[in-house]
>>> print(open('work-v7.pdb').read())   # PDB, C-alpha atoms
ATOM      1  CA  MET A   4     -10.672 -17.353  42.962
ATOM      2  CA  GLY A   5      -7.430 -15.375  43.172
ATOM      3  CA  LEU A   6      -6.053 -17.027  40.055
ATOM      4  CA  PRO A   7      -8.368 -15.313  37.488
ATOM      5  CA  VAL A   8      -7.612 -11.899  39.013
ATOM      6  CA  LEU A   9      -3.887 -12.633  38.857
ATOM      7  CA  GLY A  10      -4.280 -13.736  35.219
ATOM      8  CA  LEU A  11      -6.165 -10.538  34.360
ATOM      9  CA  GLY A  12      -3.517  -8.431  36.095
ATOM     10  CA  MET A  13      -0.733 -10.186  34.176
ATOM     11  CA  ALA A  14      -2.620  -9.669  30.914
ATOM     12  CA  MET A  15      -2.982  -5.954  31.666
ATOM     13  CA  VAL A  16       0.737  -5.653  32.466
ATOM     14  CA  ALA A  17       1.619  -7.508  29.255
ATOM     15  CA  ALA A  18      -0.674  -5.212  27.234
ATOM     16  CA  LEU A  19       0.884  -2.130  28.829
ATOM     17  CA  ILE A  20       4.397  -3.359  28.043
ATOM     18  CA  ALA A  21       3.420  -4.252  24.471
ATOM     19  CA  GLY A  22       1.839  -0.804  23.982
ATOM     20  CA  THR A  23       4.969   0.909  25.279
ATOM     21  CA  VAL A  24       7.210  -1.147  22.985
ATOM     22  CA  LEU A  25       5.003  -0.405  19.967
ATOM     23  CA  ARG A  26       4.991   3.348  20.691
ATOM     24  CA  ARG A  27       8.791   3.279  20.782
ATOM     25  CA  THR A  28       8.949   1.242  17.590
ATOM     26  CA  LEU A  29       6.148   2.680  15.441
ATOM     27  CA  VAL A  30       4.940   6.219  14.835
ATOM     28  CA  VAL A  31       2.209   7.666  12.613
ATOM     29  CA  VAL A  32       3.386  10.578  10.456
ATOM     30  CA  THR A  33       1.262  13.014   8.446
ATOM     31  CA  VAL A  34       2.735  14.023   5.084
ATOM     32  CA  ARG A  35       2.804  17.779   4.431
ATOM     33  CA  GLY A  36       3.311  19.083   0.907
ATOM     34  CA  GLY A  37       3.766  17.520  -2.486
ATOM     35  CA  SER A  38       7.403  16.452  -2.768
ATOM     36  CA  MET A  39       6.518  12.741  -2.661
ATOM     37  CA  GLU A  40       3.546  12.885  -5.045
ATOM     38  CA  PRO A  41       2.118  10.782  -6.542
ATOM     39  CA  THR A  42       3.339   8.145  -4.040
ATOM     40  CA  TYR A  43       2.271  10.068  -0.925
ATOM     41  CA  ARG A  44      -0.042  13.071  -0.955
ATOM     42  CA  ASP A  45      -0.441  16.052   1.352
ATOM     43  CA  GLY A  46      -2.415  15.063   4.454
ATOM     44  CA  GLU A  47      -1.919  11.327   3.986
ATOM     45  CA  ARG A  48      -0.856   9.435   7.100
ATOM     46  CA  VAL A  49       1.875   6.793   7.023
ATOM     47  CA  LEU A  50       3.177   4.266   9.530
ATOM     48  CA  VAL A  51       6.912   4.567  10.251
ATOM     49  CA  ARG A  52       9.148   1.975  11.920
ATOM     50  CA  ARG A  53      11.743   3.798  14.011
ATOM     51  CA  GLY A  54      15.385   2.957  13.415
ATOM     52  CA  GLY A  55      16.403   0.062  11.245
ATOM     53  CA  ARG A  56      18.538  -0.139   8.151
ATOM     54  CA  CYS A  57      18.026   2.130   5.146
ATOM     55  CA  ALA A  58      18.198   0.631   1.685
ATOM     56  CA  VAL A  59      17.851   2.076  -1.798
ATOM     57  CA  GLY A  60      14.162   2.445  -2.638
ATOM     58  CA  HIS A  61      12.998   2.725   0.983
ATOM     59  CA  VAL A  62      10.984   5.785   1.923
ATOM     60  CA  VAL A  63      12.294   7.341   5.129
ATOM     61  CA  VAL A  64      11.396  10.153   7.486
ATOM     62  CA  VAL A  65      14.419  12.336   8.210
ATOM     63  CA  ARG A  66      14.897  15.325  10.514
ATOM     64  CA  GLN A  67      14.934  18.570   8.560
ATOM     65  CA  GLU A  68      18.282  20.310   8.666
ATOM     66  CA  ASP A  69      18.790  23.474   6.667
ATOM     67  CA  GLY A  70      22.589  23.602   7.051
ATOM     68  CA  GLY A  71      22.516  27.398   7.062
ATOM     69  CA  ARG A  72      20.344  27.572   3.965
ATOM     70  CA  SER A  73      16.855  28.979   3.904
ATOM     71  CA  SER A  74      14.277  26.511   5.168
ATOM     72  CA  PRO A  75      12.132  24.612   2.681
ATOM     73  CA  THR A  76       8.842  26.212   1.805
ATOM     74  CA  PRO A  77       5.643  24.835   3.342
ATOM     75  CA  SER A  78       4.720  23.336  -0.024
ATOM     76  CA  GLN A  79       7.470  20.762   0.408
ATOM     77  CA  ALA A  80       6.800  17.424   2.081
ATOM     78  CA  VAL A  81       7.583  18.042   5.710
ATOM     79  CA  ALA A  82       5.965  15.541   8.022
ATOM     80  CA  ALA A  83       4.576  16.285  11.482
ATOM     81  CA  VAL A  84       5.278  13.784  14.254
ATOM     82  CA  GLY A  85       3.827  15.706  17.192
ATOM     83  CA  THR A  86       7.012  17.532  18.158
ATOM     84  CA  ALA A  87       8.454  20.967  17.513
ATOM     85  CA  GLN A  88      10.966  19.424  15.109
ATOM     86  CA  GLU A  89      10.133  19.203  11.456
ATOM     87  CA  TRP A  90      10.626  16.060   9.443
ATOM     88  CA  MET A  91      10.818  15.306   5.730
ATOM     89  CA  ILE A  92       9.688  12.203   3.924
ATOM     90  CA  LYS A  93      12.021  11.148   1.087
ATOM     91  CA  ARG A  94      13.104   8.113  -0.935
ATOM     92  CA  VAL A  95      16.595   6.667  -0.454
ATOM     93  CA  ALA A  96      18.484   6.992  -3.761
ATOM     94  CA  ALA A  97      21.919   5.856  -2.515
ATOM     95  CA  VAL A  98      23.516   4.605   0.713
ATOM     96  CA  ALA A  99      27.119   4.568   1.933
ATOM     97  CA  GLY A 100      29.393   3.002  -0.675
ATOM     98  CA  ASP A 101      26.931   3.466  -3.582
ATOM     99  CA  ARG A 102      27.491   5.816  -6.483
ATOM    100  CA  PRO A 103      24.794   8.538  -6.399
ATOM    101  CA  PRO A 104      22.483   8.758  -9.410
ATOM    102  CA  PRO A 105      23.489  11.438 -11.939
ATOM    103  CA  GLY A 106      22.147  14.857 -10.956
ATOM    104  CA  ALA A 107      21.292  13.745  -7.403
ATOM    105  CA  LEU A 108      23.880  15.995  -5.727
ATOM    106  CA  PRO A 109      24.875  19.657  -6.113
ATOM    107  CA  GLU A 110      28.454  20.921  -6.237
ATOM    108  CA  PRO A 111      30.703  20.353  -4.271
ATOM    109  CA  TYR A 112      29.141  16.953  -3.441
ATOM    110  CA  ALA A 113      28.893  15.786  -7.068
ATOM    111  CA  THR A 114      32.407  14.345  -7.279
ATOM    112  CA  GLY A 115      31.492  11.027  -8.854
ATOM    113  CA  GLY A 116      32.746   9.201  -5.768
ATOM    114  CA  PRO A 117      30.742   6.883  -3.558
ATOM    115  CA  VAL A 118      28.441   8.074  -0.784
ATOM    116  CA  PRO A 119      30.560   8.427   2.383
ATOM    117  CA  PRO A 120      29.896   6.345   5.520
ATOM    118  CA  GLY A 121      27.047   7.689   7.658
ATOM    119  CA  ALA A 122      25.413   9.509   4.734
ATOM    120  CA  LEU A 123      22.438   9.013   2.427
ATOM    121  CA  VAL A 124      21.264  10.510  -0.840
ATOM    122  CA  LEU A 125      17.544  11.268  -0.456
ATOM    123  CA  LEU A 126      15.210  12.406  -3.233
ATOM    124  CA  GLY A 127      11.548  13.362  -3.402
ATOM    125  CA  ASP A 128       9.441  11.539  -5.987
ATOM    126  CA  ASN A 129       8.151  14.888  -7.301
ATOM    127  CA  THR A 130      11.440  16.166  -8.726
ATOM    128  CA  HIS A 131      10.118  19.664  -9.485
ATOM    129  CA  ASN A 132       8.796  20.276  -5.949
ATOM    130  CA  SER A 133      11.246  18.737  -3.509
ATOM    131  CA  TYR A 134      13.903  20.001  -1.118
ATOM    132  CA  ASP A 135      16.266  17.025  -1.095
ATOM    133  CA  SER A 136      19.846  15.935  -1.871
ATOM    134  CA  ARG A 137      19.759  17.846  -5.173
ATOM    135  CA  GLU A 138      19.878  21.032  -3.041
ATOM    136  CA  ALA A 139      21.107  19.925   0.379
ATOM    137  CA  GLY A 140      23.693  17.282  -0.500
ATOM    138  CA  TYR A 141      24.041  14.292   1.804
ATOM    139  CA  PHE A 142      21.731  13.599   4.731
ATOM    140  CA  PRO A 143      23.240  12.011   7.861
ATOM    141  CA  THR A 144      21.894   8.544   8.646
ATOM    142  CA  ALA A 145      21.748   9.644  12.302
ATOM    143  CA  HIS A 146      18.932  12.065  11.354
ATOM    144  CA  VAL A 147      16.642   9.313  10.037
ATOM    145  CA  LEU A 148      13.604   8.722  12.260
ATOM    146  CA  GLY A 149      12.644   5.525  10.471
ATOM    147  CA  THR A 150      11.305   3.770   7.398
ATOM    148  CA  VAL A 151       7.755   4.136   6.076
ATOM    149  CA  LEU A 152       6.033   0.769   6.335
ATOM    150  CA  ARG A 153       2.840   1.576   4.474
ATOM    151  CA  PRO A 154       0.238   4.277   4.161
ATOM    152  CA  ARG A 155      -2.204   4.368   7.058
ATOM    153  CA  PRO A 156      -5.810   4.095   5.864
ATOM    154  CA  PRO A 157      -7.962   7.211   6.282
ATOM    155  CA  ALA A 158      -9.803   7.364   9.611
ATOM    156  CA  ASP A 159     -13.223   7.464   7.926
ATOM    157  CA  VAL A 160     -12.808   4.085   6.157
ATOM    158  CA  ARG A 161     -15.400   1.608   7.430
TER     159      ARG A 161
END
>>> encode(input="work-v7.pdb", output="structure tokens")
Amino acid sequence: MGLPVLGLGMAMVAALIAGTVLRRTLVVVTVRGGSMEPTYRDGERVLVRRGGRCAVGHVVVVRQEDGGRSSPTPSQAVAAVGTAQEWMIKRVAAVAGDRPPPGALPEPYATGGPVPPGALVLLGDNTHNSYDSREAGYFPTAHVLGTVLRPRPPADVR
């Protein structure tokens, strides 16, 4: 009789551990603004895998840093992850060692040289409405929360 209770207890412990691991690995992010349109729209929710390697073409969530500049306007794609920090969702255009695409960096970053170690070139898909590397220069890889896995379906889908 004690065996089924022990098995249930072990299953509950395993589920608790699995839930904790998933919460540390995955996070749901809500897109704010239009800088990633048409790929991701304002209010859309996406699933993000924390950490991992960034590659060209990946969409990442990165901590917003204004570097002394004025903050991006609310119309830009800043994602909310349930903290006081603000996050941006952008596409990786170049990683360390790559040559940035033409026009992807402002002066003094636009030297024609490769992206330095620990840096990324990030661009919004909506080029006319995006605070990204074209204004801010390089983004530190240490500020990346994670990579977008896929859009999360709307809650009202049945």
>>> atom_distance(input="work-v7.pdb", atom1="CA of Ala107 in chain A", atom2="CA of Leu29 in chain A")
29.6 Å
>>> atom_distance(input="work-v7.pdb", atom1="CA of Val32 in chain A", atom2="CA of Arg137 in chain A")
23.8 Å
>>> closest_residue(input="work-v7.pdb", among="A:Thr144, A:Thr114, A:Ser133, A:Thr33", to="Leu50 in chain A", atoms="only C-alpha atoms")
A:Thr33
>>> closest_residue(input="work-v7.pdb", among="A:Leu125, A:Ala97, A:Val30, A:Met39", to="Gly54 in chain A", atoms="all atoms listed in the file")
A:Val30
>>> resolve_selection(input="work-v7.pdb", expression="the PyMOL selection byres ((chain A and resi 93) around 9)", output="list of chain:residue names")
A:Ser38, A:Met39, A:His61, A:Val62, A:Val63, A:Val64, A:Val65, A:Ala80, A:Met91, A:Ile92, A:Arg94, A:Val95, A:Leu125, A:Leu126, A:Gly127, A:Asp128, A:Ser133, A:Asp135
>>> residues_around(input="work-v7.pdb", residues="Gly121 in chain A", least_positions_apart="5", cutoff="8 Å", atoms="only C-alpha atoms", output="PDB file with C-alpha atoms, in the frame of the given file")
ATOM      1  CA  ALA A  99      27.119   4.568   1.933  1.00  0.00           C
ATOM      2  CA  PRO A 143      23.240  12.011   7.861  1.00  0.00           C
ATOM      3  CA  THR A 144      21.894   8.544   8.646  1.00  0.00           C
ATOM      4  CA  ALA A 145      21.748   9.644  12.302  1.00  0.00           C
TER       5      ALA A 145
END
>>> atom_distance(input="work-v7.pdb", atom1="CA of Ala139 in chain A", atom2="CA of Ala122 in chain A")
12.1 Å
>>> closest_residue(input="work-v7.pdb", among="A:Gly36, A:Pro41, A:Gly60, A:Gly149", to="Ala96 in chain A", atoms="only C-alpha atoms")
A:Gly60
>>> closest_residue(input="work-v7.pdb", among="A:Val118, A:Ala58, A:Val51, A:Val151", to="Pro104 in chain A", atoms="all atoms listed in the file")
A:Val118
>>> closest_residue(input="work-v7.pdb", among="A:Arg52, A:Arg35, A:Arg44, A:His146", to="Gln67 in chain A", atoms="all atoms listed in the file")
A:His146
>>> closest_residue(input="work-v7.pdb", among="A:Val124, A:Leu108, A:Leu148, A:Trp90", to="Arg56 in chain A", atoms="all atoms listed in the file")
A:Leu148
